[in-house]
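Reviewing the structure listed below.
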Amino acid sequence: MPRYAAGGTLSGVGMADDYTIPQHWDHYTAQDHAVWKTLFERQTALLPGLACAEFVEGMRQLPMAADRIPNFDELNATLKPTTGWQVVAVPGLVPDEVFFEHLANRRFPSGNFIRGAHQLDYLEEPDVFHDVFGHVPMLMHPVMADFIQLYGEAGLRAQRIGKLTELARVYWYTVEFGLLQEAQGMRLYGAGIASSFTESVFSVQSPSPNRIAFDLERVMRTNYRIDDFQESYFVLNSLDDLLELARIDFDPIYARLNDGVSHPPRRILEGDVVLHNGTHAYSQQP
Ligand code: HBI
Ligand code: FE
């Protein structure tokens, strides 16, 4: 599972102002490709019945397979004509402003490195498996494509007016950890859970976490955990809800958020539409 530490800085020789670097696909070792293969195979075996139809369809259309780490040029040859997005390589976490600037221009920054074989389930920074396997299939979907671009634009503005903490919660509880109620059942679409062997199952099937209908202002007031499974997931009825959400005028919400009220991740509030009231058995383990 990726762990994000906002505001991390990086420097490196040969890095452009926008932090992009060449993917250097030919620099991956046999060991790197073997880690990708392990992650790809166990995750594709797991995702039927967990991932939403849009994720599965995006994955089907992309040139991504178990045998090797995808070459970004080849991914972009499919992605760009479909939604106008492209994947660009970065060395790891980039500053918020750089990240938003890329998203606002339909460039998705992906770590070019892959985790080591000794850290298959835990890493500090988003690597190529999280970024490409987790995010790129959903970037094939026109609604997610528009939503993430708008998030980039909103992020630049939120930063200027001091509301980034609140806006980042929207990204966290949708793009990274979002669930979708499909006719067939609860499904995931968030990249943080789609790329996680343990949390993909936990988020959709475990009785432990809350599953609450998505509400924008509520989510903007809800803290999240970066170091463990989420205690609450927020559920959309349809991916189309994301576009409606992006069209909402944030100014009145930002004004209300000035009261400073925020909620711990586990708390159920009056007014929540609770789809599943979590037992929290997992988080109560010693
Ligand atoms: N950088 N490469 C990369 N990937 C991210 O997901 C990312 C980032 N920098 C900042 C960031 N995410 C978040 O802190 C923002 O969404 C607020
Ligand atoms: Fe991510």
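Ordering of the structure tokens sets the chain letters (A, B, ...); residue numbers start at 1 within each chain; ligands are numbered from 1 in the order shown.
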Throw together the list of residues within 8 Å of ligand 1, counting only C-alpha atoms and all ligand atoms, and drop it here as a PDB file with C-alpha atoms, in the first residue's frame.
ATOM      1  CA  TYR A   4       1.928   9.488   1.135  1.00  0.00           C
ATOM      2  CA  ALA A   5       3.825  12.107   3.025  1.00  0.00           C
ATOM      3  CA  ALA A   6       2.723  15.437   1.616  1.00  0.00           C
ATOM      4  CA  GLY A   7       5.358  18.009   0.895  1.00  0.00           C
ATOM      5  CA  GLY A   8       8.252  15.619   0.441  1.00  0.00           C
ATOM      6  CA  VAL A  90       9.109  10.960 -11.656  1.00  0.00           C
ATOM      7  CA  PRO A  91      11.591   9.724  -9.038  1.00  0.00           C
ATOM      8  CA  GLY A  92       8.983   9.484  -6.236  1.00  0.00           C
ATOM      9  CA  LEU A  93       6.752  11.901  -4.349  1.00  0.00           C
ATOM     10  CA  VAL A  94       6.881  15.373  -5.846  1.00  0.00           C
ATOM     11  CA  PRO A  95       5.848  18.646  -4.148  1.00  0.00           C
ATOM     12  CA  ASP A  96       2.097  19.224  -4.071  1.00  0.00           C
ATOM     13  CA  GLU A  97       2.220  22.131  -6.486  1.00  0.00           C
ATOM     14  CA  VAL A  98       4.187  20.130  -9.049  1.00  0.00           C
ATOM     15  CA  PHE A  99       1.795  17.210  -8.659  1.00  0.00           C
ATOM     16  CA  PHE A 100      -1.289  19.401  -9.201  1.00  0.00           C
ATOM     17  CA  PRO A 109       3.284  11.339 -12.516  1.00  0.00           C
ATOM     18  CA  SER A 110       4.373   7.773 -11.897  1.00  0.00           C
ATOM     19  CA  GLY A 111       7.294   6.625  -9.818  1.00  0.00           C
ATOM     20  CA  GLU A 125       6.337   6.198  -1.683  1.00  0.00           C
ATOM     21  CA  PRO A 126       4.181   5.389  -4.696  1.00  0.00           C
ATOM     22  CA  ASP A 131       0.875   4.289 -10.009  1.00  0.00           C
ATOM     23  CA  GLY A 155      -5.528  21.702  -5.842  1.00  0.00           C
ATOM     24  CA  LEU A 164      -5.343  21.880   0.762  1.00  0.00           C
ATOM     25  CA  THR A 165      -5.793  19.614   3.783  1.00  0.00           C
ATOM     26  CA  LEU A 167      -9.320  19.094  -0.572  1.00  0.00           C
ATOM     27  CA  ALA A 168      -6.720  16.337  -0.295  1.00  0.00           C
ATOM     28  CA  TYR A 171      -8.704  12.717  -3.462  1.00  0.00           C
ATOM     29  CA  TRP A 172      -7.866  10.281  -0.696  1.00  0.00           C
TER      30      TRP A 172
END
Distance filter 6 Å around ligand 2, atoms: only C-alpha atoms and all ligand atoms, out as a list of chain:residue names: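 What falls inside 6 Å of ligand 2 is A:Asp131, A:Glu176, A:Ala191, A:Gly192.
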Write to file, as a compact mmCIF listing (two decimals), in the first residue's frame, the residues of the selection just made, with C-alpha atoms.
# COMPACT_ATOMS: atom_id res chain seq x y z
CA ASP A 131 0.87 4.29 -10.01
CA GLU A 176 -7.12 6.44 -3.75
CA ALA A 191 -5.90 3.01 -6.72
CA GLY A 192 -4.58 2.66 -3.17
message: When you look at stretch 262-266 of chain A with a cut-off of 10 Å (counting only C-alpha atoms), what residues show up, excluding the ones that are within fewer than 3 positions of it in the same chain? I need them as a VMD selection string.
response: chain A and resid 166 209 to 210 218 to 225 230 to 233 257 259 269 277 to 278 280 283
task: Find the residues near A:Asn76: any atom within 10 Å, counting only C-alpha atoms, skip ones fewer than 6 places away on the same chain, and give them as a list in words.
output: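 With the cut-off at 10 Å, the set is Leu62, Pro63, Thr82, Gly84, Trp85, Gln86, Val87, Val88 and Val136 of chain A.
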For the selection just defined, write its residues with N, CA and C atoms to a file, as a PDB file, in the first residue's frame.
ATOM      1  N   LEU A  62      -5.479  -1.913 -21.860  1.00  0.00           N
ATOM      2  CA  LEU A  62      -4.102  -1.400 -21.780  1.00  0.00           C
ATOM      3  C   LEU A  62      -3.063  -2.488 -22.079  1.00  0.00           C
ATOM      4  N   PRO A  63      -1.922  -2.086 -22.648  1.00  0.00           N
ATOM      5  CA  PRO A  63      -0.850  -3.045 -22.863  1.00  0.00           C
ATOM      6  C   PRO A  63      -0.066  -3.281 -21.573  1.00  0.00           C
ATOM      7  N   THR A  82      -7.277   7.742 -25.934  1.00  0.00           N
ATOM      8  CA  THR A  82      -8.546   7.402 -25.283  1.00  0.00           C
ATOM      9  C   THR A  82      -9.076   8.566 -24.450  1.00  0.00           C
ATOM     10  N   GLY A  84      -6.790  11.435 -23.446  1.00  0.00           N
ATOM     11  CA  GLY A  84      -5.898  12.597 -23.459  1.00  0.00           C
ATOM     12  C   GLY A  84      -4.866  12.596 -22.337  1.00  0.00           C
ATOM     13  N   TRP A  85      -4.901  11.566 -21.484  1.00  0.00           N
ATOM     14  CA  TRP A  85      -3.920  11.477 -20.399  1.00  0.00           C
ATOM     15  C   TRP A  85      -2.629  10.828 -20.875  1.00  0.00           C
ATOM     16  N   GLN A  86      -1.545  11.152 -20.206  1.00  0.00           N
ATOM     17  CA  GLN A  86      -0.302  10.425 -20.409  1.00  0.00           C
ATOM     18  C   GLN A  86       0.394  10.221 -19.070  1.00  0.00           C
ATOM     19  N   VAL A  87       1.183   9.176 -19.010  1.00  0.00           N
ATOM     20  CA  VAL A  87       1.981   8.869 -17.820  1.00  0.00           C
ATOM     21  C   VAL A  87       3.359   9.470 -18.023  1.00  0.00           C
ATOM     22  N   VAL A  88       3.851  10.191 -16.995  1.00  0.00           N
ATOM     23  CA  VAL A  88       5.230  10.704 -17.046  1.00  0.00           C
ATOM     24  C   VAL A  88       5.989  10.151 -15.838  1.00  0.00           C
ATOM     25  N   VAL A 136      -3.681   3.859 -13.639  1.00  0.00           N
ATOM     26  CA  VAL A 136      -3.847   4.038 -15.091  1.00  0.00           C
ATOM     27  C   VAL A 136      -5.130   3.397 -15.651  1.00  0.00           C
TER      28      VAL A 136
END
Select from stretch 72-133 of chain A every residue with an atom at most 12 Å from any atom of stretch 198-206 of chain A, then for each give the shortest pair of atoms and their distance in Å to one decimal, using only C-alpha atoms, rows by chain and rising number, as a Markdown table.
| residue | atom | partner | partner_atom | distance |
| --- | --- | --- | --- | --- |
| A:Leu120 | CA | A:Thr198 | CA | 10.7 |
| A:Asp121 | CA | A:Thr198 | CA | 7.7 |
| A:Tyr122 | CA | A:Thr198 | CA | 10.2 |
- prompt: Got a sec to tell me which of stretch 32-207 of chain A DSSP assigns to strand (DSSP E or B), as a PyMOL selection string?
  reply: chain A and resi 51+86-90+107-111+179-182+185-188
field: Exercise: A:Ala65 partners within 10 Å, only C-alpha atoms, chain neighbours under 4 positions left out, as a list in words
entry: Trp36, Lys37, Phe40, Glu41, Thr44, Met59, Arg60, Ile69, Pro70 and Phe133 of chain A
- request: With a distance cut-off of 8 Å and only C-alpha atoms, select the neighbouring residues of A:Gly178, excluding the residue or stretch itself and same-chain residues fewer than 3 positions from it, and output the selection as number ranges by chain.
  value: A: 172-175, 188-190, 233-236
message: as a list in words, please: the residues near A:Met140 (cut-off 8 Å, only C-alpha atoms, same-chain neighbours under 2 positions excluded).
response: Gly58, Leu79, Thr82, Thr83, Val136, Pro137, Met138, Pro142, Met144 and Ala145 of chain A
message: Please compute the atom CA of A:Leu239-atom CA of A:Gly271 distance, one decimal, in Å.
response: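 Going from atom CA of A:Leu239 over to atom CA of A:Gly271, I get 22.2 Å.
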task: Just the helix (DSSP H, G or I) stuff from stretch 110-285 of chain A, please, per backbone DSSP, written as a PyMOL selection string.
output: chain A and resi 117-119+128-139+142-161+164-176+191-194+197-205+216-220+241-247+250-257
